[in-house]
Amino acid sequence: MEKIQSIFKNLIKCRTPQELIDEGSNSGLSKTLNVFDLIVLGIGAVVGTGIFTIIGSAIVGSSDGAGAGSAIVISMVLAAIASVFSALSYSEIASMIPVAGSAYTYTYATMGEFMAWMVGWILMLEYAIGNITVASAWTGYFVQLLKGFKHILPAFVVNCPLWLRNDYRTMYELCNKYGWDVHDKMPFINLPFGLEIPFAINIPAILIVLILTILLIKGIKESTKVATIMVGVNLFIILSFIIVGAFYVQPENWTPFAPNGIEGIFTGAFVIFFAYIGFDAISTTAEETKNPQRDLPIAILGTLIICTILYILAALVLTGVVPLNSIDTQAPLAHAMRFLGIHWYAGLISVGALCALTSVLLIYQLGTTRILFAMSRDNFLPKSLNAIHKKFKTPHILTWISGLVVIVCALFMDLNISAELCNFGTFTSFIIICIAVLILRKTEPNRERPFKVPFCPWFPILGILTCLSLMYCKFHARATSALYFIIWLIIGLVIYAAYSYRQKRLEEQEK
């Protein structure tokens, strides 16, 4: 009985906000980011994938759920509402505890060791798996761009075999969809006892992840400069699409407005929510921000407002220009311009999409690394992993590890399932943040809060309820991603019980 009480006490053991702040101030990370840099990172993470890829699936639907149709604008408003309550909570707690690790760190300060580990494990799902989604989408646009140079580049490059630009799961789906023979489209590796393993590898995705991993090791300021250029191109393309496309909108394309009713609207909100992970990524850079108490809340809320407006306008134009049954799910904006016969502009959109998706990859990779850095520093993972590069002042070992994880997982996970799986992580972390604000209002009432959530506790409670509602809709539909999410939680629980709990106790004994 005494042992059980001891274990339970360890599970709920918290670290005080001041302990976290003191440790973060000695992390060795370079403080170079200002509010403009943070907003660039946020917009780069939020706008890219949502507008250039996921919006098509949210409108049309997939085998895992109904689409919202033109009512996608309502889905976006729902996703934004769910986000704004969480964003306000993020703003309060990020300005109060400006430390790397995002929701993981905030959970450690409010709910204890076990919940901190589980939230950190969920955040790794959110960022690493989210990166797989973006890498897959990046390959699609890159291949489309290469086709525009068919008179210049070799045929093998322009028409690269499918098995060299897709994971094996996607290859099987393509073969089933078009009635192809799997053995004609993919090489198989022969094993003993008559076993065969299909081989497919997304080479473009692997190469871009490797390049961005090296860039992140070079330094966060250098990475932000690259992201700024890409976000600038991204915003130009999106705004020009909205302006040009507005002249071709046909209101009859908006009917039926909600072809799949409430179910389609809520499913669309769940899918499009994937894009709103960006403002969470902002909070992971707290230890590299010059004035985090002031800049983090401004950047988080500014990102949410700007991106929501862009989403709604782009969705209205897209659904107004292209009939619902003609919207492309992989490259919706570029296809819309081809649908109108403006082929040169479709090529320009492909360039913008590549810039947008590259910035998202960069920021997600950054988020993954900084969360792993915080967990390693707390001894949940080997401390040797959080070494800082002597020249570049970045956690180079963890940066390589996060890059390799994305590369390996990209071999067998497709875009839609990884996007939905990422959403489960996002919703969970948002719920935890709202709960953390409520707890800190009770346990740390006198601690300075440069930003406060208005109408507390009602706004955090509404944030919890809206996120839970959207998660319930997906669980109720028995989606494949829901099953994967449960499996992920079980794996995290096993790792904590087998390794992390023991390491924390050894750390305490050494002290």
# chains A, B, ... in the order shown; residues from 1 in each chain; ligands from 1

call {"tool": "residues_around", "arguments": {"residues": "region 106-111 of chain A", "least_positions_apart": "2", "cutoff": "7 Å", "atoms": "only C-alpha atoms", "output": "list in words"}}
result
Ile12, Cys14, Arg15, Thr16, Pro17, Ser102, Ala103, Tyr104, Glu113, Met115, Ala116, Ala436, Ile439 and Leu440 of chain A

call {"tool": "residues_around", "arguments": {"residues": "Ile431 (chain A)", "least_positions_apart": "3", "cutoff": "9 Å", "atoms": "only C-alpha atoms", "output": "MDAnalysis selection string"}}
result
chainID A and resid 86 426:428 434:436 460:461 463:465 467:468

call {"tool": "residues_around", "arguments": {"residues": "Ser500 (chain A)", "least_positions_apart": "6", "cutoff": "8 Å", "atoms": "only C-alpha atoms", "output": "list in words"}}
result
Asn379, Phe380 and Leu381 of chain A

call {"tool": "select_by_dssp", "arguments": {"residues": "region 179-365 of chain A", "states": "alpha helix (DSSP H)", "output": "number ranges by chain"}}
result
A: 182-185, 203-218, 220-246, 261-272, 278-283, 292-321, 332-339, 343-365

call {"tool": "residues_around", "arguments": {"residues": "Arg377 (chain A)", "least_positions_apart": "6", "cutoff": "9 Å", "atoms": "only C-alpha atoms", "output": "ChimeraX atom specification"}}
result
/A:383,385-386

call {"tool": "write_last_selection", "arguments": {"atoms": "N, CA, C and O atoms", "output": "JSON list (two decimals), in the first residue's frame"}}
result
[["chain", "number", "residue", "atom", "x", "y", "z"],
["A", 383, "LYS", "N", 19.55, 12.37, -21.38],
["A", 383, "LYS", "CA", 20.03, 13.75, -21.35],
["A", 383, "LYS", "C", 21.09, 14.03, -22.41],
["A", 383, "LYS", "O", 21.30, 15.17, -22.81],
["A", 385, "LEU", "N", 20.93, 13.53, -25.36],
["A", 385, "LEU", "CA", 20.30, 13.97, -26.62],
["A", 385, "LEU", "C", 20.16, 15.48, -26.71],
["A", 385, "LEU", "O", 20.06, 16.03, -27.81],
["A", 386, "ASN", "N", 20.13, 16.17, -25.56],
["A", 386, "ASN", "CA", 19.86, 17.61, -25.61],
["A", 386, "ASN", "C", 21.13, 18.46, -25.70],
["A", 386, "ASN", "O", 21.13, 19.65, -25.35]]

call {"tool": "closest_residue", "arguments": {"among": "A:Phe451, A:Phe8, A:Phe114, A:Phe193", "to": "Gly492 (chain A)", "atoms": "only C-alpha atoms"}}
result
A:Phe114

call {"tool": "closest_residue", "arguments": {"among": "A:Ile81, A:Val60, A:Val360, A:Val143", "to": "Pro323 (chain A)", "atoms": "only C-alpha atoms"}}
result
A:Val60

call {"tool": "closest_residue", "arguments": {"among": "A:Gly347, A:Ala58, A:Leu340, A:Trp117", "to": "Asp378 (chain A)", "atoms": "only C-alpha atoms"}}
result
A:Trp117

call {"tool": "closest_atom_pairs", "arguments": {"of": "region 292-403 of chain A", "to": "region 120-129 of chain A", "cutoff": "10 Å", "atoms": "only C-alpha atoms", "output": "JSON lines"}}
result
{"residue": "A:Leu361", "atom": "CA", "partner": "A:Tyr127", "partner_atom": "CA", "distance": 9.5}
{"residue": "A:Ile363", "atom": "CA", "partner": "A:Tyr127", "partner_atom": "CA", "distance": 9.1}
{"residue": "A:Tyr364", "atom": "CA", "partner": "A:Tyr127", "partner_atom": "CA", "distance": 5.5}
{"residue": "A:Gln365", "atom": "CA", "partner": "A:Tyr127", "partner_atom": "CA", "distance": 7.1}
{"residue": "A:Leu366", "atom": "CA", "partner": "A:Tyr127", "partner_atom": "CA", "distance": 8.9}
{"residue": "A:Gly367", "atom": "CA", "partner": "A:Tyr127", "partner_atom": "CA", "distance": 6.6}
{"residue": "A:Thr368", "atom": "CA", "partner": "A:Tyr127", "partner_atom": "CA", "distance": 5.5}
{"residue": "A:Thr369", "atom": "CA", "partner": "A:Met124", "partner_atom": "CA", "distance": 9.0}
{"residue": "A:Ile371", "atom": "CA", "partner": "A:Gly120", "partner_atom": "CA", "distance": 7.0}
{"residue": "A:Leu372", "atom": "CA", "partner": "A:Met124", "partner_atom": "CA", "distance": 7.7}
{"residue": "A:Ala374", "atom": "CA", "partner": "A:Gly120", "partner_atom": "CA", "distance": 9.0}
{"residue": "A:Met375", "atom": "CA", "partner": "A:Gly120", "partner_atom": "CA", "distance": 7.2}
{"residue": "A:Phe380", "atom": "CA", "partner": "A:Gly120", "partner_atom": "CA", "distance": 9.7}
{"residue": "A:Ser402", "atom": "CA", "partner": "A:Ala128", "partner_atom": "CA", "distance": 7.2}
{"residue": "A:Gly403", "atom": "CA", "partner": "A:Ala128", "partner_atom": "CA", "distance": 8.5}

call {"tool": "select_by_dssp", "arguments": {"residues": "region 66-302 of chain A", "states": "strand (DSSP E or B)", "output": "ChimeraX atom specification"}}
result
/A:66,188-190,196-198,289

call {"tool": "atom_distance", "arguments": {"atom1": "CA of Gly48 (chain A)", "atom2": "CA of Phe257 (chain A)"}}
result
25.2 Å

call {"tool": "closest_residue", "arguments": {"among": "A:Thr133, A:Ser350, A:Asn159, A:Ser469", "to": "Phe241 (chain A)", "atoms": "only C-alpha atoms"}}
result
A:Ser350

call {"tool": "residues_around", "arguments": {"residues": "Pro332 (chain A)", "least_positions_apart": "6", "cutoff": "8 Å", "atoms": "only C-alpha atoms", "output": "VMD selection string"}}
result
chain A and resid 52 to 53 55 to 56 318

call {"tool": "write_last_selection", "arguments": {"atoms": "all heavy atoms", "output": "CSV table (one decimal), in the first residue's frame"}}
result
chain,number,residue,atom,x,y,z
A,52,PHE,N,-3.5,25.0,-49.3
A,52,PHE,CA,-3.0,24.4,-50.6
A,52,PHE,C,-3.3,22.9,-50.7
A,52,PHE,O,-3.3,22.4,-51.8
A,52,PHE,CB,-1.5,24.6,-50.7
A,52,PHE,CG,-1.1,26.0,-51.0
A,52,PHE,CD1,-0.6,26.8,-50.1
A,52,PHE,CD2,-1.4,26.5,-52.3
A,52,PHE,CE1,-0.2,28.1,-50.4
A,52,PHE,CE2,-1.0,27.8,-52.6
A,52,PHE,CZ,-0.5,28.6,-51.7
A,53,THR,N,-3.7,22.2,-49.6
A,53,THR,CA,-4.0,20.8,-49.7
A,53,THR,C,-5.2,20.4,-48.9
A,53,THR,O,-6.2,19.9,-49.5
A,53,THR,CB,-2.8,20.0,-49.2
A,53,THR,OG1,-2.5,20.3,-47.9
A,53,THR,CG2,-1.6,20.2,-50.1
A,55,ILE,N,-7.7,21.8,-47.6
A,55,ILE,CA,-9.0,22.4,-47.8
A,55,ILE,C,-9.8,21.6,-48.9
A,55,ILE,O,-11.0,21.5,-48.8
A,55,ILE,CB,-8.8,23.9,-48.3
A,55,ILE,CG1,-10.2,24.6,-48.3
A,55,ILE,CG2,-8.2,23.9,-49.7
A,55,ILE,CD1,-10.0,26.1,-48.6
A,56,GLY,N,-9.1,20.9,-49.8
A,56,GLY,CA,-9.8,20.1,-50.8
A,56,GLY,C,-10.5,18.9,-50.2
A,56,GLY,O,-11.7,18.6,-50.5
A,318,LEU,N,-12.8,29.5,-53.9
A,318,LEU,CA,-12.6,28.1,-54.5
A,318,LEU,C,-13.9,27.5,-54.7
A,318,LEU,O,-14.1,26.9,-55.8
A,318,LEU,CB,-11.7,27.3,-53.5
A,318,LEU,CG,-11.5,25.8,-53.9
A,318,LEU,CD1,-10.8,25.7,-55.2
A,318,LEU,CD2,-10.8,25.1,-52.8

call {"tool": "closest_residue", "arguments": {"among": "A:Pro395, A:Phe270, A:Val209, A:Ala353", "to": "Ala79 (chain A)", "atoms": "only C-alpha atoms"}}
result
A:Phe270

call {"tool": "residues_around", "arguments": {"residues": "Ser418 (chain A)", "least_positions_apart": "3", "cutoff": "10 Å", "atoms": "only C-alpha atoms", "output": "PyMOL selection string"}}
result
chain A and resi 125-126+128-134+136+274+409-410+413-415+421-423+481+484

call {"tool": "write_last_selection", "arguments": {"atoms": "C-alpha atoms", "output": "PDB file, in the first residue's frame"}}
result
ATOM      1  CA  LEU A 125       2.531  12.864 -32.583  1.00  0.00           C
ATOM      2  CA  GLU A 126       1.122  16.293 -33.404  1.00  0.00           C
ATOM      3  CA  ALA A 128       6.181  14.654 -36.297  1.00  0.00           C
ATOM      4  CA  ILE A 129       3.115  13.038 -37.889  1.00  0.00           C
ATOM      5  CA  GLY A 130       1.949  16.460 -39.068  1.00  0.00           C
ATOM      6  CA  ASN A 131       5.266  16.803 -40.848  1.00  0.00           C
ATOM      7  CA  ILE A 132       4.600  13.559 -42.719  1.00  0.00           C
ATOM      8  CA  THR A 133       1.326  15.029 -43.988  1.00  0.00           C
ATOM      9  CA  VAL A 134       3.078  18.111 -45.267  1.00  0.00           C
ATOM     10  CA  SER A 136       3.517  14.042 -48.780  1.00  0.00           C
ATOM     11  CA  PHE A 274      -5.032  20.516 -38.814  1.00  0.00           C
ATOM     12  CA  CYS A 409       7.312   7.232 -40.981  1.00  0.00           C
ATOM     13  CA  ALA A 410       6.818   8.847 -44.399  1.00  0.00           C
ATOM     14  CA  MET A 413       1.785   6.754 -43.740  1.00  0.00           C
ATOM     15  CA  ASP A 414      -0.451   8.619 -46.193  1.00  0.00           C
ATOM     16  CA  LEU A 415      -1.574  12.252 -46.126  1.00  0.00           C
ATOM     17  CA  LEU A 421      -3.963  11.664 -36.455  1.00  0.00           C
ATOM     18  CA  CYS A 422      -2.154  14.960 -35.998  1.00  0.00           C
ATOM     19  CA  ASN A 423      -5.523  16.598 -35.239  1.00  0.00           C
ATOM     20  CA  SER A 481      -7.040   7.682 -37.273  1.00  0.00           C
ATOM     21  CA  TYR A 484      -4.144   4.856 -34.362  1.00  0.00           C
TER      22      TYR A 484
END

call {"tool": "atom_distance", "arguments": {"atom1": "CA of Trp163 (chain A)", "atom2": "CA of Ala356 (chain A)"}}
result
24.9 Å

call {"tool": "residues_around", "arguments": {"residues": "region 202-206 of chain A", "least_positions_apart": "4", "cutoff": "12 Å", "atoms": "only C-alpha atoms", "output": "count of residues only"}}
result
48

call {"tool": "closest_residue", "arguments": {"among": "A:Ile306, A:Val99, A:Ile214, A:Val84", "to": "Pro454 (chain A)", "atoms": "only C-alpha atoms"}}
result
A:Val84

call {"tool": "atom_distance", "arguments": {"atom1": "CA of Val351 (chain A)", "atom2": "CA of Gly44 (chain A)"}}
result
14.9 Å
